[in-house]
$ cat run25.pdb   # PDB, C-alpha atoms and all ligand atoms
ATOM      1  CA  MET I   1     146.451 122.897  62.447
ATOM      2  CA  LYS I   2     147.873 126.415  62.210
ATOM      3  CA  TYR I   3     150.654 126.877  64.723
ATOM      4  CA  GLN I   4     151.477 130.284  66.111
ATOM      5  CA  ASN I   5     155.189 129.482  66.070
ATOM      6  CA  GLY I   6     155.125 127.375  62.921
ATOM      7  CA  GLN I   7     158.191 129.171  61.564
ATOM      8  CA  ILE I   8     160.387 127.373  64.119
ATOM      9  CA  ARG I   9     161.758 124.326  62.331
ATOM     10  CA  HIS I  10     162.842 120.849  63.325
ATOM     11  CA  ILE I  11     166.546 120.435  62.579
ATOM     12  CA  LEU I  12     165.830 117.289  60.535
ATOM     13  CA  ASP I  13     163.294 119.171  58.382
ATOM     14  CA  LEU I  14     165.994 121.544  57.154
ATOM     15  CA  SER I  15     167.374 121.089  53.647
ATOM     16  CA  LYS I  16     170.800 119.473  53.334
ATOM     17  CA  ASP I  17     172.390 122.890  52.836
ATOM     18  CA  GLU I  18     170.559 124.361  55.791
ATOM     19  CA  LYS I  19     171.596 121.400  57.947
ATOM     20  CA  ARG I  20     175.234 121.938  56.991
ATOM     21  CA  LYS I  21     174.951 125.641  57.675
ATOM     22  CA  PHE I  22     173.358 124.955  61.043
ATOM     23  CA  ALA I  23     176.015 122.380  62.016
ATOM     24  CA  GLN I  24     178.733 124.864  61.117
ATOM     25  CA  SER I  25     177.089 127.790  62.858
ATOM     26  CA  PHE I  26     178.295 126.933  66.377
ATOM     27  CA  ASP I  27     181.573 125.890  68.016
ATOM     28  CA  THR I  28     180.282 125.447  71.535
ATOM     29  CA  ILE I  29     177.264 123.627  72.899
ATOM     30  CA  MET I  30     175.993 124.623  76.302
ATOM     31  CA  SER I  31     173.360 122.180  77.398
ATOM     32  CA  ASP I  32     170.920 121.673  80.185
ATOM     33  CA  CYS I  33     171.061 118.209  81.843
ATOM     34  CA  ASP I  34     167.728 116.924  83.222
ATOM     35  CA  GLY I  35     165.290 116.256  80.398
ATOM     36  CA  VAL I  36     167.878 116.429  77.621
ATOM     37  CA  VAL I  37     171.003 114.496  78.659
ATOM     38  CA  TRP I  38     169.053 112.144  80.920
ATOM     39  CA  HIS I  39     165.704 111.926  82.660
ATOM     40  CA  PHE I  40     165.270 111.889  86.412
ATOM     41  CA  THR I  41     163.754 108.459  85.853
ATOM     42  CA  GLY I  42     166.422 106.969  83.548
ATOM     43  CA  PRO I  43     168.600 107.407  80.459
ATOM     44  CA  ILE I  44     167.551 108.959  77.124
ATOM     45  CA  PRO I  45     168.463 106.672  74.184
ATOM     46  CA  ASN I  46     171.595 107.475  72.163
ATOM     47  CA  VAL I  47     172.547 110.649  74.015
ATOM     48  CA  ASP I  48     175.981 109.112  74.665
ATOM     49  CA  LYS I  49     176.526 108.487  70.941
ATOM     50  CA  ALA I  50     175.339 111.983  70.031
ATOM     51  CA  LEU I  51     177.642 113.626  72.575
ATOM     52  CA  GLN I  52     180.630 111.607  71.339
ATOM     53  CA  LEU I  53     179.806 112.542  67.759
ATOM     54  CA  LEU I  54     179.566 116.234  68.617
ATOM     55  CA  LYS I  55     182.936 116.006  70.370
ATOM     56  CA  GLN I  56     184.416 114.339  67.263
ATOM     57  CA  LYS I  57     183.047 117.171  65.168
ATOM     58  CA  GLY I  58     185.070 119.537  67.331
ATOM     59  CA  LYS I  59     182.222 120.997  69.346
ATOM     60  CA  LYS I  60     183.102 122.161  72.849
ATOM     61  CA  LEU I  61     180.610 120.900  75.409
ATOM     62  CA  ALA I  62     179.538 122.523  78.663
ATOM     63  CA  PHE I  63     176.565 121.765  80.881
ATOM     64  CA  ILE I  64     174.452 124.380  82.616
ATOM     65  CA  SER I  65     171.945 122.740  84.932
ATOM     66  CA  ASN I  66     169.449 124.173  87.395
ATOM     67  CA  ASN I  67     169.947 121.125  89.573
ATOM     68  CA  GLY I  68     172.195 121.736  92.562
ATOM     69  CA  MET I  69     170.841 118.659  94.327
ATOM     70  CA  ARG I  70     173.460 116.234  93.016
ATOM     71  CA  THR I  71     176.890 115.873  94.524
ATOM     72  CA  MET I  72     179.837 116.500  92.228
ATOM     73  CA  GLU I  73     180.647 112.772  92.461
ATOM     74  CA  GLU I  74     177.124 111.914  91.224
ATOM     75  CA  TYR I  75     177.474 114.314  88.305
ATOM     76  CA  LYS I  76     180.877 112.840  87.419
ATOM     77  CA  GLN I  77     179.534 109.282  87.486
ATOM     78  CA  LYS I  78     176.548 110.168  85.313
ATOM     79  CA  PHE I  79     178.696 111.919  82.719
ATOM     80  CA  LEU I  80     181.287 109.158  82.755
ATOM     81  CA  LYS I  81     178.554 106.763  81.622
ATOM     82  CA  LEU I  82     177.957 109.109  78.674
ATOM     83  CA  GLY I  83     181.649 109.050  77.753
ATOM     84  CA  ILE I  84     182.619 112.367  79.321
ATOM     85  CA  PRO I  85     185.447 111.862  81.826
ATOM     86  CA  SER I  86     185.616 114.164  84.822
ATOM     87  CA  HIS I  87     188.647 116.108  83.529
ATOM     88  CA  GLU I  88     186.565 117.109  80.499
ATOM     89  CA  LEU I  89     183.448 117.915  82.485
ATOM     90  CA  GLU I  90     182.474 121.571  82.460
ATOM     91  CA  ILE I  91     179.430 121.962  84.611
ATOM     92  CA  VAL I  92     177.625 124.894  86.177
ATOM     93  CA  HIS I  93     174.671 124.607  88.565
ATOM     94  CA  PRO I  94     173.089 126.875  91.172
ATOM     95  CA  ALA I  95     174.987 125.522  94.191
ATOM     96  CA  LEU I  96     178.328 126.140  92.447
ATOM     97  CA  THR I  97     177.207 129.554  91.219
ATOM     98  CA  THR I  98     176.020 130.483  94.711
ATOM     99  CA  VAL I  99     179.424 129.641  96.176
ATOM    100  CA  ARG I 100     181.045 131.654  93.411
ATOM    101  CA  TYR I 101     178.784 134.623  94.085
ATOM    102  CA  LEU I 102     179.281 134.507  97.871
ATOM    103  CA  LYS I 103     183.050 134.498  97.319
ATOM    104  CA  ALA I 104     182.819 137.378  94.847
ATOM    105  CA  ILE I 105     180.995 139.569  97.356
ATOM    106  CA  ASN I 106     183.176 138.310 100.225
ATOM    107  CA  MET I 107     180.229 137.144 102.292
ATOM    108  CA  GLN I 108     181.264 136.837 105.941
ATOM    109  CA  ASP I 109     177.840 136.336 107.497
ATOM    110  CA  ALA I 110     175.704 133.224 107.814
ATOM    111  CA  VAL I 111     173.418 132.118 104.988
ATOM    112  CA  TYR I 112     169.925 130.900 105.757
ATOM    113  CA  CYS I 113     169.170 128.193 103.197
ATOM    114  CA  ILE I 114     165.919 126.692 102.024
ATOM    115  CA  ALA I 115     167.499 123.914  99.966
ATOM    116  CA  THR I 116     168.521 120.271 100.044
ATOM    117  CA  GLU I 117     171.326 118.963 102.248
ATOM    118  CA  VAL I 118     173.444 118.384  99.132
ATOM    119  CA  PHE I 119     173.009 122.012  98.109
ATOM    120  CA  LYS I 120     173.859 123.228 101.627
ATOM    121  CA  ASP I 121     176.954 121.002 101.708
ATOM    122  CA  TYR I 122     178.389 122.848  98.705
ATOM    123  CA  LEU I 123     178.318 126.002 100.874
ATOM    124  CA  ARG I 124     179.448 124.314 104.092
ATOM    125  CA  ASN I 125     182.395 122.740 102.292
ATOM    126  CA  GLU I 126     183.560 126.237 101.336
ATOM    127  CA  GLY I 127     183.431 127.354 104.951
ATOM    128  CA  TYR I 128     180.130 129.221 104.944
ATOM    129  CA  VAL I 129     177.938 129.131 108.041
ATOM    130  CA  VAL I 130     174.648 127.651 106.891
ATOM    131  CA  LEU I 131     171.455 128.002 108.894
ATOM    132  CA  ASP I 132     168.346 126.027 108.081
ATOM    133  CA  GLY I 133     165.161 124.634 109.516
ATOM    134  CA  PRO I 134     163.069 124.448 111.589
ATOM    135  CA  LYS I 135     163.025 120.723 111.102
ATOM    136  CA  GLU I 136     160.405 119.838 113.700
ATOM    137  CA  GLN I 137     156.771 119.770 112.687
ATOM    138  CA  PHE I 138     154.132 121.875 114.390
ATOM    139  CA  SER I 139     150.967 119.940 115.064
ATOM    140  CA  ASP I 140     147.643 121.599 115.737
ATOM    141  CA  ASP I 141     147.531 120.595 119.363
ATOM    142  CA  ARG I 142     150.856 122.317 119.949
ATOM    143  CA  ALA I 143     149.605 125.628 118.605
ATOM    144  CA  ALA I 144     151.153 127.498 121.500
ATOM    145  CA  ASP I 145     154.559 126.199 120.449
ATOM    146  CA  SER I 146     154.269 127.437 116.905
ATOM    147  CA  VAL I 147     153.250 130.867 118.193
ATOM    148  CA  ARG I 148     156.354 130.873 120.392
ATOM    149  CA  VAL I 149     158.561 129.785 117.489
ATOM    150  CA  PHE I 150     157.118 132.381 115.114
ATOM    151  CA  THR I 151     157.503 135.052 117.794
ATOM    152  CA  GLU I 152     161.155 134.127 118.225
ATOM    153  CA  TYR I 153     161.761 134.727 114.537
ATOM    154  CA  PHE I 154     160.905 138.373 114.987
ATOM    155  CA  GLU I 155     163.397 138.858 117.781
ATOM    156  CA  GLU I 156     166.703 140.265 116.762
ATOM    157  CA  THR I 157     169.593 137.938 117.506
ATOM    158  CA  GLU I 158     173.038 138.929 116.358
ATOM    159  CA  SER I 159     174.645 135.533 116.564
ATOM    160  CA  PRO I 160     175.230 134.529 113.908
ATOM    161  CA  LYS I 161     174.277 137.469 111.721
ATOM    162  CA  VAL I 162     172.459 136.368 108.574
ATOM    163  CA  GLY I 163     173.761 138.072 105.440
ATOM    164  CA  ALA I 164     171.731 136.183 102.860
ATOM    165  CA  VAL I 165     168.662 134.061 102.404
ATOM    166  CA  MET I 166     169.158 131.414  99.733
ATOM    167  CA  MET I 167     166.211 129.628  98.189
ATOM    168  CA  ASP I 168     166.422 126.571  95.972
ATOM    169  CA  LEU I 169     164.368 123.385  95.684
ATOM    170  CA  ASP I 170     163.534 121.934  99.098
ATOM    171  CA  CYS I 171     160.897 119.217  99.265
ATOM    172  CA  ASN I 172     160.353 120.009 102.955
ATOM    173  CA  VAL I 173     159.720 123.728 102.494
ATOM    174  CA  SER I 174     157.035 124.978 104.858
ATOM    175  CA  LEU I 175     155.337 128.136 106.115
ATOM    176  CA  ALA I 176     157.802 128.105 109.008
ATOM    177  CA  HIS I 177     160.768 128.249 106.583
ATOM    178  CA  LEU I 178     159.217 131.087 104.619
ATOM    179  CA  MET I 179     158.384 132.960 107.854
ATOM    180  CA  ARG I 180     161.934 132.621 109.065
ATOM    181  CA  ALA I 181     163.333 133.819 105.741
ATOM    182  CA  LYS I 182     160.941 136.759 105.766
ATOM    183  CA  CYS I 183     162.094 137.795 109.241
ATOM    184  CA  TYR I 184     165.767 137.790 108.245
ATOM    185  CA  LEU I 185     164.984 139.891 105.196
ATOM    186  CA  GLN I 186     162.828 142.355 107.092
ATOM    187  CA  ARG I 187     165.147 142.718 110.080
ATOM    188  CA  ASN I 188     168.143 143.527 107.970
ATOM    189  CA  PRO I 189     167.638 145.548 104.777
ATOM    190  CA  ASN I 190     171.146 144.503 103.705
ATOM    191  CA  CYS I 191     170.306 140.806 103.948
ATOM    192  CA  LEU I 192     170.387 139.476 100.375
ATOM    193  CA  LEU I 193     167.669 137.380  98.810
ATOM    194  CA  LEU I 194     169.275 134.816  96.490
ATOM    195  CA  ALA I 195     167.599 132.123  94.420
ATOM    196  CA  GLY I 196     168.961 129.065  92.649
ATOM    197  CA  ALA I 197     166.462 127.137  90.584
ATOM    198  CA  THR I 198     163.306 129.171  90.030
ATOM    199  CA  ASP I 199     161.512 126.551  87.949
ATOM    200  CA  TYR I 200     157.759 126.305  88.367
ATOM    201  CA  ILE I 201     157.674 122.829  86.914
ATOM    202  CA  VAL I 202     160.175 120.010  87.332
ATOM    203  CA  PRO I 203     159.386 117.348  84.715
ATOM    204  CA  LEU I 204     160.159 113.818  85.833
ATOM    205  CA  GLY I 205     160.371 111.647  82.749
ATOM    206  CA  GLY I 206     159.316 113.551  79.635
ATOM    207  CA  ASP I 207     155.892 111.904  79.822
ATOM    208  CA  GLY I 208     153.895 114.777  81.308
ATOM    209  CA  ARG I 209     154.481 113.839  84.956
ATOM    210  CA  ASP I 210     155.918 116.762  86.836
ATOM    211  CA  VAL I 211     156.576 118.190  90.266
ATOM    212  CA  MET I 212     155.881 121.739  91.462
ATOM    213  CA  GLY I 213     159.184 123.596  91.479
ATOM    214  CA  PRO I 214     160.584 126.188  93.886
ATOM    215  CA  GLY I 215     159.426 129.094  91.703
ATOM    216  CA  TYR I 216     156.039 129.197  93.383
ATOM    217  CA  PHE I 217     157.564 129.349  96.857
ATOM    218  CA  LEU I 218     160.074 132.013  95.883
ATOM    219  CA  GLU I 219     157.178 134.042  94.555
ATOM    220  CA  ILE I 220     155.465 133.825  97.959
ATOM    221  CA  LEU I 221     158.609 135.079  99.673
ATOM    222  CA  GLU I 222     159.082 137.885  97.152
ATOM    223  CA  ARG I 223     155.499 139.005  97.514
ATOM    224  CA  ALA I 224     155.599 138.786 101.297
ATOM    225  CA  THR I 225     158.782 140.851 101.565
ATOM    226  CA  GLY I 226     158.511 143.137  98.547
ATOM    227  CA  ARG I 227     161.990 141.950  97.591
ATOM    228  CA  GLU I 228     163.153 140.591  94.262
ATOM    229  CA  ALA I 229     165.616 137.705  94.350
ATOM    230  CA  LEU I 230     168.957 137.709  92.601
ATOM    231  CA  VAL I 231     168.603 134.564  90.475
ATOM    232  CA  LEU I 232     171.784 132.485  90.265
ATOM    233  CA  GLY I 233     170.168 129.700  88.205
ATOM    234  CA  LYS I 234     168.702 129.834  84.691
ATOM    235  CA  PRO I 235     167.264 132.208  83.437
ATOM    236  CA  GLY I 236     168.894 134.684  85.844
ATOM    237  CA  GLN I 237     170.730 137.748  84.614
ATOM    238  CA  ALA I 238     173.456 137.207  87.224
ATOM    239  CA  LEU I 239     174.103 133.691  85.876
ATOM    240  CA  SER I 240     174.342 134.934  82.294
ATOM    241  CA  GLN I 241     177.084 137.375  83.318
ATOM    242  CA  PHE I 242     178.949 134.578  85.100
ATOM    243  CA  ILE I 243     178.672 132.238  82.114
ATOM    244  CA  LEU I 244     179.781 134.769  79.506
ATOM    245  CA  GLU I 245     182.765 135.579  81.702
ATOM    246  CA  GLN I 246     183.647 132.036  82.793
ATOM    247  CA  PHE I 247     183.618 130.632  79.256
ATOM    248  CA  ASN I 248     185.134 133.751  77.773
ATOM    249  CA  VAL I 249     182.327 134.056  75.233
ATOM    250  CA  THR I 250     183.176 136.686  72.653
ATOM    251  CA  GLN I 251     180.774 135.597  69.887
ATOM    252  CA  PRO I 252     177.574 134.488  71.636
ATOM    253  CA  LYS I 253     175.925 133.396  68.381
ATOM    254  CA  ARG I 254     178.638 130.743  67.958
ATOM    255  CA  THR I 255     177.277 129.027  71.084
ATOM    256  CA  LEU I 256     174.239 126.764  70.781
ATOM    257  CA  PHE I 257     172.191 126.566  73.967
ATOM    258  CA  ILE I 258     170.236 123.317  74.293
ATOM    259  CA  GLY I 259     167.470 122.600  76.784
ATOM    260  CA  ASP I 260     163.969 121.277  77.323
ATOM    261  CA  MET I 261     162.329 124.232  79.073
ATOM    262  CA  LEU I 262     161.093 127.402  77.408
ATOM    263  CA  MET I 263     161.478 129.839  80.302
ATOM    264  CA  GLN I 264     164.618 128.425  81.917
ATOM    265  CA  ASP I 265     166.591 127.289  78.896
ATOM    266  CA  MET I 266     165.402 129.250  75.892
ATOM    267  CA  GLY I 267     164.899 132.368  78.037
ATOM    268  CA  PHE I 268     168.409 131.977  79.363
ATOM    269  CA  GLY I 269     169.830 131.379  75.886
ATOM    270  CA  SER I 270     168.233 134.625  74.694
ATOM    271  CA  ARG I 271     169.595 136.518  77.659
ATOM    272  CA  CYS I 272     173.122 135.381  76.748
ATOM    273  CA  GLY I 273     172.654 136.096  73.034
ATOM    274  CA  PHE I 274     173.156 132.400  72.158
ATOM    275  CA  GLN I 275     171.546 130.371  69.384
ATOM    276  CA  LYS I 276     168.883 128.129  70.893
ATOM    277  CA  LEU I 277     167.713 124.576  70.307
ATOM    278  CA  LEU I 278     164.753 123.137  72.194
ATOM    279  CA  LEU I 279     164.655 119.367  72.667
ATOM    280  CA  LEU I 280     161.233 117.799  73.100
ATOM    281  CA  SER I 281     162.661 114.975  75.236
ATOM    282  CA  GLY I 282     161.793 116.658  78.540
ATOM    283  CA  GLY I 283     159.314 119.172  79.900
ATOM    284  CA  THR I 284     158.016 120.819  76.709
ATOM    285  CA  SER I 285     155.767 119.238  74.100
ATOM    286  CA  LEU I 286     155.468 120.392  70.486
ATOM    287  CA  GLU I 287     152.008 121.800  71.317
ATOM    288  CA  MET I 288     153.440 123.838  74.200
ATOM    289  CA  LEU I 289     156.234 125.159  71.985
ATOM    290  CA  MET I 290     153.860 126.124  69.213
ATOM    291  CA  ALA I 291     151.431 127.880  71.547
ATOM    292  CA  HIS I 292     154.041 129.794  73.587
ATOM    293  CA  ASN I 293     153.656 133.546  73.288
ATOM    294  CA  LYS I 294     156.842 134.974  74.769
ATOM    295  CA  PRO I 295     159.226 135.552  71.837
ATOM    296  CA  GLU I 296     162.298 135.746  74.107
ATOM    297  CA  GLU I 297     161.558 132.215  75.326
ATOM    298  CA  LEU I 298     161.361 130.625  71.891
ATOM    299  CA  PRO I 299     164.134 128.555  70.283
ATOM    300  CA  ASP I 300     165.642 129.071  66.837
ATOM    301  CA  PHE I 301     165.151 125.347  66.104
ATOM    302  CA  TYR I 302     163.791 122.274  67.808
ATOM    303  CA  ALA I 303     164.479 118.532  67.716
ATOM    304  CA  ASP I 304     163.120 115.415  69.393
ATOM    305  CA  SER I 305     166.259 114.614  71.352
ATOM    306  CA  PHE I 306     170.051 114.779  71.281
ATOM    307  CA  ALA I 307     169.936 111.646  69.105
ATOM    308  CA  ASP I 308     168.746 113.795  66.171
ATOM    309  CA  PHE I 309     172.305 115.101  65.831
ATOM    310  CA  ILE I 310     173.307 111.588  64.706
ATOM    311  CA  GLN I 311     170.794 111.740  61.846
ATOM    312  CA  LEU I 312     171.692 115.360  61.089
ATOM    313  CA  TYR I 313     175.350 114.497  60.487
ATOM    314  CA  LYS I 314     174.346 111.419  58.455
ATOM    315  CA  ASP I 315     172.147 113.595  56.242
ATOM    316  CA  ILE I 316     174.945 116.083  55.708
ATOM    317  CA  ALA I 317     177.421 113.321  54.819
ATOM    318  CA  GLU I 318     175.221 111.671  52.185
TER     319      GLU I 318
HETATM  320 MG    MG I 401     165.806 120.420  81.901
END

$ encode --input "run25.pdb" --output "structure tokens" --more "lines below"
Ligand SMILES: [Mg+2]
Amino acid sequence: MKYQNGQIRHILDLSKDEKRKFAQSFDTIMSDCDGVVWHFTGPIPNVDKALQLLKQKGKKLAFISNNGMRTMEEYKQKFLKLGIPSHELEIVHPALTTVRYLKAINMQDAVYCIATEVFKDYLRNEGYVVLDGPKEQFSDDRAADSVRVFTEYFEETESPKVGAVMMDLDCNVSLAHLMRAKCYLQRNPNCLLLAGATDYIVPLGGDGRDVMGPGYFLEILERATGREALVLGKPGQALSQFILEQFNVTQPKRTLFIGDMLMQDMGFGSRCGFQKLLLLSGGTSLEMLMAHNKPEELPDFYADSFADFIQLYKDIAE
């Protein structure tokens, strides 16, 4: 079978010299979490050993996730199980980046959020006024009520003023949420449209099962309002500026970006100027990698999982 991207090599197919060169080519690893460090449905074998080995080899580790639906405590517990104590944990995800952005622009107004409660709590805990909902369902026989509710959305109310609409993954997202967001954006041209995760696909266990991501819903809102969201998750430009600044990256090529998604992870790695490694342990199969036709979303190398680093270092040592 002739692969379109057949020049992209598996790290374990490199010659011993090439493996050594690769291992020495980066000082920092920035890695995605879901699909590479663990699955939503359970652990990925030997990731803990691989991460410990990389630490021993002097690699700095940081984690850049698109998942702002875990509390900080949950993240800490998960990483502790992988041998990364909380004082060593460097993690960035859309809820944290959103807080950082709102602080940077000195947001004083309320933020209407289409996101999980955990995500919204990150904002509430920093003192932001968060609006959400509606939470009630509209049934067909209460049609008059939904007309009333939709009509109310169009009416200008100044209390509290909404300065931003924030959209992330929300399993309860509905037409009513999108309508409400649209009204805020149309009423006030200065109301910002922000997005966290923009994934179209959220893989569950690396076995082809996946969930529709928020990307589709954001697209509806963008099309309905003619606005383009500022994306604070991967592969957003705004996030890449934050990351380069936060980690004081002066030589982007000395950072290896690791992830399982072509658009989110490899696209983001390209945007930052990083080296890129795709792991096939999550949402992308070898066939998908080989058939992908956007050069900026392709990795420099690929591997089956984090565990391949264990073999890589063994091969170099022999
Ligand atoms: Mg992932």

$ residues_around --input "run25.pdb" --residues "Ala303 in chain I" --least-positions-apart "6" --cutoff "12 Å" --atoms "all atoms listed in the file" --output "tab-separated table (two decimals) with C-alpha atoms, in the coordinates of the input"
chain	number	residue	atom	x	y	z
I	8	ILE	CA	160.39	127.37	64.12
I	9	ARG	CA	161.76	124.33	62.33
I	10	HIS	CA	162.84	120.85	63.32
I	11	ILE	CA	166.55	120.44	62.58
I	12	LEU	CA	165.83	117.29	60.54
I	13	ASP	CA	163.29	119.17	58.38
I	14	LEU	CA	165.99	121.54	57.15
I	36	VAL	CA	167.88	116.43	77.62
I	258	ILE	CA	170.24	123.32	74.29
I	259	GLY	CA	167.47	122.60	76.78
I	260	ASP	CA	163.97	121.28	77.32
I	276	LYS	CA	168.88	128.13	70.89
I	277	LEU	CA	167.71	124.58	70.31
I	278	LEU	CA	164.75	123.14	72.19
I	279	LEU	CA	164.66	119.37	72.67
I	280	LEU	CA	161.23	117.80	73.10
I	281	SER	CA	162.66	114.98	75.24
I	282	GLY	CA	161.79	116.66	78.54
I	284	THR	CA	158.02	120.82	76.71
I	285	SER	CA	155.77	119.24	74.10
I	286	LEU	CA	155.47	120.39	70.49
I	289	LEU	CA	156.23	125.16	71.98
I	309	PHE	CA	172.30	115.10	65.83
I	310	ILE	CA	173.31	111.59	64.71
I	311	GLN	CA	170.79	111.74	61.85
I	312	LEU	CA	171.69	115.36	61.09

$ closest_atom_pairs --input "run25.pdb" --of "chain I" --to "ligand MG 401 (chain I)" --cutoff "9 Å" --atoms "only C-alpha atoms and all ligand atoms" --output "JSON lines"
{"residue": "I:Ser31", "atom": "CA", "partner": "I:MG401", "partner_atom": "MG", "distance": 9.0}
{"residue": "I:Asp32", "atom": "CA", "partner": "I:MG401", "partner_atom": "MG", "distance": 5.5}
{"residue": "I:Cys33", "atom": "CA", "partner": "I:MG401", "partner_atom": "MG", "distance": 5.7}
{"residue": "I:Asp34", "atom": "CA", "partner": "I:MG401", "partner_atom": "MG", "distance": 4.2}
{"residue": "I:Gly35", "atom": "CA", "partner": "I:MG401", "partner_atom": "MG", "distance": 4.5}
{"residue": "I:Val36", "atom": "CA", "partner": "I:MG401", "partner_atom": "MG", "distance": 6.2}
{"residue": "I:Val37", "atom": "CA", "partner": "I:MG401", "partner_atom": "MG", "distance": 8.5}
{"residue": "I:Trp38", "atom": "CA", "partner": "I:MG401", "partner_atom": "MG", "distance": 8.9}
{"residue": "I:His39", "atom": "CA", "partner": "I:MG401", "partner_atom": "MG", "distance": 8.5}
{"residue": "I:Ser65", "atom": "CA", "partner": "I:MG401", "partner_atom": "MG", "distance": 7.2}
{"residue": "I:Asn66", "atom": "CA", "partner": "I:MG401", "partner_atom": "MG", "distance": 7.6}
{"residue": "I:Asn67", "atom": "CA", "partner": "I:MG401", "partner_atom": "MG", "distance": 8.7}
{"residue": "I:Val202", "atom": "CA", "partner": "I:MG401", "partner_atom": "MG", "distance": 7.8}
{"residue": "I:Pro203", "atom": "CA", "partner": "I:MG401", "partner_atom": "MG", "distance": 7.7}
{"residue": "I:Gly259", "atom": "CA", "partner": "I:MG401", "partner_atom": "MG", "distance": 5.8}
{"residue": "I:Asp260", "atom": "CA", "partner": "I:MG401", "partner_atom": "MG", "distance": 5.0}
{"residue": "I:Met261", "atom": "CA", "partner": "I:MG401", "partner_atom": "MG", "distance": 5.9}
{"residue": "I:Gln264", "atom": "CA", "partner": "I:MG401", "partner_atom": "MG", "distance": 8.1}
{"residue": "I:Asp265", "atom": "CA", "partner": "I:MG401", "partner_atom": "MG", "distance": 7.5}
{"residue": "I:Gly282", "atom": "CA", "partner": "I:MG401", "partner_atom": "MG", "distance": 6.4}
{"residue": "I:Gly283", "atom": "CA", "partner": "I:MG401", "partner_atom": "MG", "distance": 6.9}

$ write_last_selection --input "run25.pdb" --atoms "C-alpha atoms" --output "PDB file, in the coordinates of the input"
ATOM      1  CA  SER I  31     173.360 122.180  77.398  1.00  0.00           C
ATOM      2  CA  ASP I  32     170.920 121.673  80.185  1.00  0.00           C
ATOM      3  CA  CYS I  33     171.061 118.209  81.843  1.00  0.00           C
ATOM      4  CA  ASP I  34     167.728 116.924  83.222  1.00  0.00           C
ATOM      5  CA  GLY I  35     165.290 116.256  80.398  1.00  0.00           C
ATOM      6  CA  VAL I  36     167.878 116.429  77.621  1.00  0.00           C
ATOM      7  CA  VAL I  37     171.003 114.496  78.659  1.00  0.00           C
ATOM      8  CA  TRP I  38     169.053 112.144  80.920  1.00  0.00           C
ATOM      9  CA  HIS I  39     165.704 111.926  82.660  1.00  0.00           C
ATOM     10  CA  SER I  65     171.945 122.740  84.932  1.00  0.00           C
ATOM     11  CA  ASN I  66     169.449 124.173  87.395  1.00  0.00           C
ATOM     12  CA  ASN I  67     169.947 121.125  89.573  1.00  0.00           C
ATOM     13  CA  VAL I 202     160.175 120.010  87.332  1.00  0.00           C
ATOM     14  CA  PRO I 203     159.386 117.348  84.715  1.00  0.00           C
ATOM     15  CA  GLY I 259     167.470 122.600  76.784  1.00  0.00           C
ATOM     16  CA  ASP I 260     163.969 121.277  77.323  1.00  0.00           C
ATOM     17  CA  MET I 261     162.329 124.232  79.073  1.00  0.00           C
ATOM     18  CA  GLN I 264     164.618 128.425  81.917  1.00  0.00           C
ATOM     19  CA  ASP I 265     166.591 127.289  78.896  1.00  0.00           C
ATOM     20  CA  GLY I 282     161.793 116.658  78.540  1.00  0.00           C
ATOM     21  CA  GLY I 283     159.314 119.172  79.900  1.00  0.00           C
TER      22      GLY I 283
END

$ residues_around --input "run25.pdb" --residues "Thr157 in chain I" --least-positions-apart "2" --cutoff "12 Å" --atoms "all atoms listed in the file" --output "ChimeraX atom specification"
/I:152-155,159-162,183-184,187-188

$ axis_aligned_box --input "run25.pdb" --around "range 160-169 of chain I" --padding-each-side "4 Å" --output "lines of an AutoDock Vina configuration file"
center_x = 169.8
center_y = 130.7
center_z = 104.8
size_x = 18.9
size_y = 22.7
size_z = 26.2

$ residues_around --input "run25.pdb" --residues "range 16-26 of chain I" --least-positions-apart "5" --cutoff "10 Å" --atoms "all atoms listed in the file" --output "PDB file with C-alpha atoms, in the coordinates of the input"
ATOM      1  CA  ILE I  11     166.546 120.435  62.579  1.00  0.00           C
ATOM      2  CA  LEU I  54     179.566 116.234  68.617  1.00  0.00           C
ATOM      3  CA  LYS I  57     183.047 117.171  65.168  1.00  0.00           C
ATOM      4  CA  LYS I  59     182.222 120.997  69.346  1.00  0.00           C
ATOM      5  CA  LYS I  60     183.102 122.161  72.849  1.00  0.00           C
ATOM      6  CA  GLN I 251     180.774 135.597  69.887  1.00  0.00           C
ATOM      7  CA  PRO I 252     177.574 134.488  71.636  1.00  0.00           C
ATOM      8  CA  LYS I 253     175.925 133.396  68.381  1.00  0.00           C
ATOM      9  CA  ARG I 254     178.638 130.743  67.958  1.00  0.00           C
ATOM     10  CA  THR I 255     177.277 129.027  71.084  1.00  0.00           C
ATOM     11  CA  LEU I 256     174.239 126.764  70.781  1.00  0.00           C
ATOM     12  CA  PHE I 257     172.191 126.566  73.967  1.00  0.00           C
ATOM     13  CA  PHE I 274     173.156 132.400  72.158  1.00  0.00           C
ATOM     14  CA  GLN I 275     171.546 130.371  69.384  1.00  0.00           C
ATOM     15  CA  PHE I 301     165.151 125.347  66.104  1.00  0.00           C
ATOM     16  CA  PHE I 309     172.305 115.101  65.831  1.00  0.00           C
ATOM     17  CA  LEU I 312     171.692 115.360  61.089  1.00  0.00           C
ATOM     18  CA  TYR I 313     175.350 114.497  60.487  1.00  0.00           C
ATOM     19  CA  ASP I 315     172.147 113.595  56.242  1.00  0.00           C
ATOM     20  CA  ILE I 316     174.945 116.083  55.708  1.00  0.00           C
ATOM     21  CA  ALA I 317     177.421 113.321  54.819  1.00  0.00           C
ATOM     22  CA  GLU I 318     175.221 111.671  52.185  1.00  0.00           C
TER      23      GLU I 318
END

$ atom_distance --input "run25.pdb" --atom1 "CA of Ile105 in chain I" --atom2 "CA of Ala62 in chain I"
25.3 Å

$ resolve_selection --input "run25.pdb" --expression "the PyMOL selection byres (((chain I and resi 76-90) around 12) and not hetatm)" --output "PyMOL selection string"
chain I and resi 28-34+37-40+42-55+60-65+70-75+91-93+96+243+246-247
